[in-house]
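Engineer: I'd like to ask some things about the structure below.
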Amino acid sequence: MSEATRIDGKAFAAKLRERVGALAEAFAETAGRKPGLAVVLVGEDAASQVYVGAKGKATVAANMESFEHRLPADTDEGTLLALVAQLNADEAVDGILVQLPLPGHLNEQAVIGAIDPGKDVDGFHVINAGRLSVGQTGFVPCTPLGCMMLLADRLGDLSGLEAVVIGRSNIVGKPMAQLLLDANATVTIAHSRTKDLPGVVRRADIVVAAVGRPEMVKADWLKPGATVIDVGINRLPPEPGSDKGRLVGDVAFAEASETAAAITPVPGGVGPMTIAVLLRNTLVAAYEHAGLDTPEI
Ligand SMILES: Nc1nc(=O)c2c([nH]1)NC[C@@H]1CN(c3ccc(C(=O)N[C@@H](CCC(=O)O)C(=O)O)cc3)C=[N+]21
């Protein structure tokens, strides 16, 4: 069996960011202002700090305005809701992202529900989740939309293909299943209680793994020739003598590469797509807020 094609999400994301950057420049010429993205981070979680920093840099590199709000871990809900209201009202802000998870004393659904759905570039508001589930236009969560772009690029038409999504989160699993269904795939959502998970996954032409368990999906779970999208980003414990563990996905990449036709690596696969799609959604929001026709992107 030949080695699977490595799906280069990092390169795909770089091209998408470049297109978004060019369109953001055109937007600024017409609208007289840049598209703006506000990112809110509550607390000092190290991984979250890294993502927020990366988002800010990518936003500026794509000719957009970045507004960062870092709040202490003990921020009360009223303060956070007041900030969201202020960002909703700010005409320089097209997109609002509140970094999840929030500290335990804050109600995530209440905070996300306070974001103007027209600025909810994460696609997490119930209005946008509802729009996706009934086939209306709205903001689609960045990670699943990025996965769909990679699948469309790789496979073209997905009609009639068997897709198995492992994981049922509101952020990835559920919207991913909706998008695959909209693309006419036959979709199964599997999860921790699924009976004979390897047997279910073995039916799939397309596997999307989003469970958060390091290297859980093994080569012998895969149908030969399957396309594998690995959403997991797990940091392993450090090796002796090292201070940082390796990043691995939810799929055992090396062995899976022997059976799959194509597979996304971790890092360098889905992660960079998430940020690129966030910028894409922010650009779309800016065009909508300015009352301009949204370019195809
Ligand atoms: N409201 C909200 N929206 C999010 O979209 C959101 C969030 N909260 N909370 C945290 C997660 C995580 N997330 C990632 C984005 C990019 C990479 C990424 O680019 N990863 C690189 C490498 C990362 C590294 O080296 O640490 C890669 O996979 O190649 C990873 C993770 C967005 N999230």
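By order of appearance in the structure tokens: chains A, B, ..., then residues from 1 within every chain, and ligands from 1 in the order shown.
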Write as a PyMOL selection string the residues around ligand 1, taking 9 Å as the cut-off and counting only C-alpha atoms and all ligand atoms.

Structural biologist: chain A and resi 9-10+39-41+47-48+50-52+54-55+96-102+112+121-122+124+141-143+171+231-233+235+247+249+265-276+278

Engineer: Show which residues sit within 12 Å of Gly113 (chain A), as a ChimeraX atom specification. Count only C-alpha atoms, and ignore same-chain residues fewer than 4 positions away.

Structural biologist: /A:81,84-85,88,96,98,107-109,117-120,123-129

Engineer: Between A:Leu37, A:Arg280, A:Asp153, A:Ala89, which has the minimum distance to His69 (chain A) (counting only C-alpha atoms)?

Structural biologist: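 The closest residue to His69 (chain A) is A:Leu37.
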
Engineer: Between A:Val201, A:Gly160, A:Glu91, A:Ala4, which has the minimum distance to Ala31 (chain A) (counting only C-alpha atoms)?

Structural biologist: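 For Ala31 (chain A), the nearest of the given residues is A:Glu91.
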
Engineer: Can you pull out the residues contacting Arg154 (chain A)? Cut-off 9 Å, using only C-alpha atoms, and skip same-chain residues under 6 positions away; I want them as a list of chain:residue names.

Structural biologist: A:Ile7, A:Thr227, A:Ala262

Engineer: Just to be explicit: take each residue in the selection above, keep N, CA and C atoms, and write the result as a PDB file, in the first residue's frame.

Structural biologist:
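Saved the output as selection-v1.pdb:
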```pdb
ATOM      1  N   ILE A   7      -2.506  16.098   3.460  1.00  0.00           N
ATOM      2  CA  ILE A   7      -3.304  17.263   3.066  1.00  0.00           C
ATOM      3  C   ILE A   7      -2.721  18.489   3.774  1.00  0.00           C
ATOM      4  N   THR A 227     -10.432   9.194   3.208  1.00  0.00           N
ATOM      5  CA  THR A 227      -9.876  10.533   3.421  1.00  0.00           C
ATOM      6  C   THR A 227     -10.104  10.882   4.896  1.00  0.00           C
ATOM      7  N   ALA A 262      -5.623   9.875   1.929  1.00  0.00           N
ATOM      8  CA  ALA A 262      -5.191  11.243   2.236  1.00  0.00           C
ATOM      9  C   ALA A 262      -5.525  11.541   3.682  1.00  0.00           C
TER      10      ALA A 262
END
```

Engineer: List every residue of region 90-230 of chain A that DSSP, applied to the backbone, labels as alpha helix (DSSP H), and write the result as a VMD selection string.

Structural biologist: chain A and resid 108 to 114 126 to 134 142 to 155 173 to 182 197 to 201

Engineer: For C-alpha atoms, I'd like the residues from the last selection saved as a CSV table (one decimal), in the first residue's frame.

Structural biologist:
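Printed below is result_16.csv as written:
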```csv
chain,number,residue,atom,x,y,z
A,108,GLU,CA,-20.8,30.5,28.1
A,109,GLN,CA,-24.2,30.2,26.5
A,110,ALA,CA,-25.3,33.5,28.1
A,111,VAL,CA,-22.1,35.3,26.9
A,112,ILE,CA,-22.3,33.8,23.3
A,113,GLY,CA,-26.0,34.6,23.3
A,114,ALA,CA,-25.2,38.3,24.0
A,126,VAL,CA,-28.0,29.8,18.6
A,127,ILE,CA,-29.3,31.9,15.7
A,128,ASN,CA,-26.4,30.9,13.5
A,129,ALA,CA,-26.6,27.3,14.7
A,130,GLY,CA,-30.3,27.3,13.8
A,131,ARG,CA,-29.7,28.9,10.4
A,132,LEU,CA,-27.2,26.1,9.6
A,133,SER,CA,-29.5,23.4,10.7
A,134,VAL,CA,-32.4,24.7,8.5
A,142,CYS,CA,-14.6,28.1,11.4
A,143,THR,CA,-13.1,24.6,12.1
A,144,PRO,CA,-15.9,22.6,10.3
A,145,LEU,CA,-16.0,25.1,7.4
A,146,GLY,CA,-12.2,24.8,7.1
A,147,CYS,CA,-12.5,21.0,7.0
A,148,MET,CA,-15.2,21.2,4.3
A,149,MET,CA,-12.9,23.4,2.2
A,150,LEU,CA,-10.1,20.8,2.4
A,151,LEU,CA,-12.5,18.0,1.5
A,152,ALA,CA,-14.0,19.9,-1.4
A,153,ASP,CA,-10.5,20.6,-2.7
A,154,ARG,CA,-9.5,17.0,-2.4
A,155,LEU,CA,-12.6,15.1,-3.4
A,173,GLY,CA,-19.1,17.6,15.5
A,174,LYS,CA,-22.6,18.8,15.0
A,175,PRO,CA,-22.0,21.6,12.5
A,176,MET,CA,-19.5,19.3,10.6
A,177,ALA,CA,-22.3,16.7,10.2
A,178,GLN,CA,-24.7,19.4,9.0
A,179,LEU,CA,-22.2,20.6,6.4
A,180,LEU,CA,-21.5,17.1,5.2
A,181,LEU,CA,-25.3,16.4,4.9
A,182,ASP,CA,-25.7,19.6,2.9
A,197,LEU,CA,-16.7,2.4,17.0
A,198,PRO,CA,-13.9,0.8,14.9
A,199,GLY,CA,-16.6,-1.0,12.8
A,200,VAL,CA,-18.6,2.2,12.3
A,201,VAL,CA,-15.5,4.1,11.2
```

Engineer: Residues at most 7 Å from Val251 (chain A), counting only C-alpha atoms, excluding those fewer than 2 positions away in the same chain, as a PyMOL selection string?

Structural biologist: chain A and resi 215-218+230+249+253

Engineer: Would you mind exporting N, CA and C atoms of the selected residues as a PDB file, in the first residue's frame?

Structural biologist:
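Output saved as again_2.pdb:
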```pdb
ATOM      1  N   GLU A 215      -4.328  10.180  19.390  1.00  0.00           N
ATOM      2  CA  GLU A 215      -4.043   9.007  18.545  1.00  0.00           C
ATOM      3  C   GLU A 215      -5.021   7.855  18.766  1.00  0.00           C
ATOM      4  N   MET A 216      -6.287   8.192  18.995  1.00  0.00           N
ATOM      5  CA  MET A 216      -7.293   7.160  19.261  1.00  0.00           C
ATOM      6  C   MET A 216      -7.642   6.332  18.010  1.00  0.00           C
ATOM      7  N   VAL A 217      -7.723   6.991  16.863  1.00  0.00           N
ATOM      8  CA  VAL A 217      -8.141   6.299  15.639  1.00  0.00           C
ATOM      9  C   VAL A 217      -6.938   5.578  15.032  1.00  0.00           C
ATOM     10  N   LYS A 218      -7.045   4.250  14.942  1.00  0.00           N
ATOM     11  CA  LYS A 218      -5.926   3.418  14.480  1.00  0.00           C
ATOM     12  C   LYS A 218      -6.083   3.051  13.000  1.00  0.00           C
ATOM     13  N   ASP A 230      -8.260  15.223  10.610  1.00  0.00           N
ATOM     14  CA  ASP A 230      -7.958  15.108  12.044  1.00  0.00           C
ATOM     15  C   ASP A 230      -8.072  16.479  12.708  1.00  0.00           C
ATOM     16  N   GLY A 249      -2.646  14.495  16.890  1.00  0.00           N
ATOM     17  CA  GLY A 249      -4.071  14.567  16.622  1.00  0.00           C
ATOM     18  C   GLY A 249      -4.840  13.451  17.308  1.00  0.00           C
ATOM     19  N   PHE A 253      -1.251   9.068  13.259  1.00  0.00           N
ATOM     20  CA  PHE A 253      -0.926   9.556  11.907  1.00  0.00           C
ATOM     21  C   PHE A 253      -0.054   8.581  11.117  1.00  0.00           C
TER      22      PHE A 253
END
```

Engineer: So which bits of region 91-285 of chain A end up strand (DSSP E or B) when you DSSP the backbone, as a ChimeraX atom specification?

Structural biologist: /A:95-98,162-166,186-190,206-209,217,227-230,234-235,247-248,251,262-263

Engineer: Could you please take those selected residues and save C-alpha atoms as a PDB file, in the first residue's frame?

Structural biologist:
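That gives us part-v9.pdb:
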```pdb
ATOM      1  CA  GLY A  95     -16.548  40.311  14.124  1.00  0.00           C
ATOM      2  CA  ILE A  96     -16.498  39.348  17.806  1.00  0.00           C
ATOM      3  CA  LEU A  97     -14.804  36.226  19.150  1.00  0.00           C
ATOM      4  CA  VAL A  98     -14.951  35.344  22.827  1.00  0.00           C
ATOM      5  CA  GLU A 162     -20.128   7.695   3.569  1.00  0.00           C
ATOM      6  CA  ALA A 163     -18.906  10.181   6.174  1.00  0.00           C
ATOM      7  CA  VAL A 164     -18.338   9.373   9.840  1.00  0.00           C
ATOM      8  CA  VAL A 165     -17.848  12.263  12.261  1.00  0.00           C
ATOM      9  CA  ILE A 166     -16.389  11.154  15.586  1.00  0.00           C
ATOM     10  CA  THR A 186     -24.402   9.966   4.072  1.00  0.00           C
ATOM     11  CA  VAL A 187     -23.519  11.031   7.583  1.00  0.00           C
ATOM     12  CA  THR A 188     -23.041   9.158  10.853  1.00  0.00           C
ATOM     13  CA  ILE A 189     -22.175  10.949  14.085  1.00  0.00           C
ATOM     14  CA  ALA A 190     -20.242   8.590  16.329  1.00  0.00           C
ATOM     15  CA  ILE A 206     -14.543  10.333   4.912  1.00  0.00           C
ATOM     16  CA  VAL A 207     -13.525  10.283   8.590  1.00  0.00           C
ATOM     17  CA  VAL A 208     -13.573  13.479  10.660  1.00  0.00           C
ATOM     18  CA  ALA A 209     -12.040  12.902  14.083  1.00  0.00           C
ATOM     19  CA  VAL A 217      -8.141   6.299  15.639  1.00  0.00           C
ATOM     20  CA  THR A 227      -9.876  10.533   3.421  1.00  0.00           C
ATOM     21  CA  VAL A 228      -9.085  11.433   7.039  1.00  0.00           C
ATOM     22  CA  ILE A 229      -9.531  14.882   8.597  1.00  0.00           C
ATOM     23  CA  ASP A 230      -7.958  15.108  12.044  1.00  0.00           C
ATOM     24  CA  ASN A 234      -3.491  17.133  21.879  1.00  0.00           C
ATOM     25  CA  ARG A 235      -0.258  17.844  23.681  1.00  0.00           C
ATOM     26  CA  LEU A 247       1.373  17.852  19.491  1.00  0.00           C
ATOM     27  CA  VAL A 248      -0.615  14.928  18.109  1.00  0.00           C
ATOM     28  CA  VAL A 251      -5.591   9.856  14.654  1.00  0.00           C
ATOM     29  CA  ALA A 262      -5.191  11.243   2.236  1.00  0.00           C
ATOM     30  CA  ILE A 263      -4.852  12.605   5.767  1.00  0.00           C
TER      31      ILE A 263
END
```

Engineer: Tell me, in Å to one decimal, how far CA of Lys34 (chain A) is from CA of Gln136 (chain A).

Structural biologist: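 Spanning CA of Lys34 (chain A) to CA of Gln136 (chain A) is a straight-line distance of 27.2 Å.
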
Engineer: Give me the residues near Gly43 (chain A) as a list in words, where near means some atom within 7 Å (using only C-alpha atoms) and where sequence neighbours in that chain fewer than 6 positions away do not count.

Structural biologist: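 Contacts, with the query itself left out: Leu71, Pro72 and Ala73 of chain A.
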
Engineer: Take CA of Glu68 (chain A) and CA of Val140 (chain A) and report the distance between them in Å, one decimal.

Structural biologist: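 Those two atoms sit 22.2 Å apart.
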
Engineer: Please determine, counting only C-alpha atoms, which residue among A:Leu161, A:Glu239, A:Ile115, A:Trp221 has the shortest atom-to-atom distance to Ala82 (chain A).

Structural biologist: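 Of A:Leu161, A:Glu239, A:Ile115, A:Trp221, the one nearest Ala82 (chain A), counting only C-alpha atoms, is A:Ile115.
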
Engineer: Out of A:Ala185, A:Leu279, A:Ala252, A:Leu83, which residue has the shortest atom-to-atom distance to Ala61 (chain A) when counting only C-alpha atoms?

Structural biologist: A:Leu279

Engineer: Of the candidates A:Gly225, A:Thr294, A:Gly212, A:Leu106, which one gets nearest to Ser2 (chain A) if we count only C-alpha atoms?

Structural biologist: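 Selected residue with least distance to Ser2 (chain A): A:Gly225.
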
Engineer: Check the smallest atom-to-atom distance from each of A:Ala62, A:Ala46, A:Ala210, A:Ala286 to Val172 (chain A) using only C-alpha atoms, then report the winner.

Structural biologist: A:Ala210

Engineer: Could you tell me how far CA of Ala38 (chain A) lies from CA of Leu87 (chain A), in Å and to one decimal?

Structural biologist: 7.6 Å
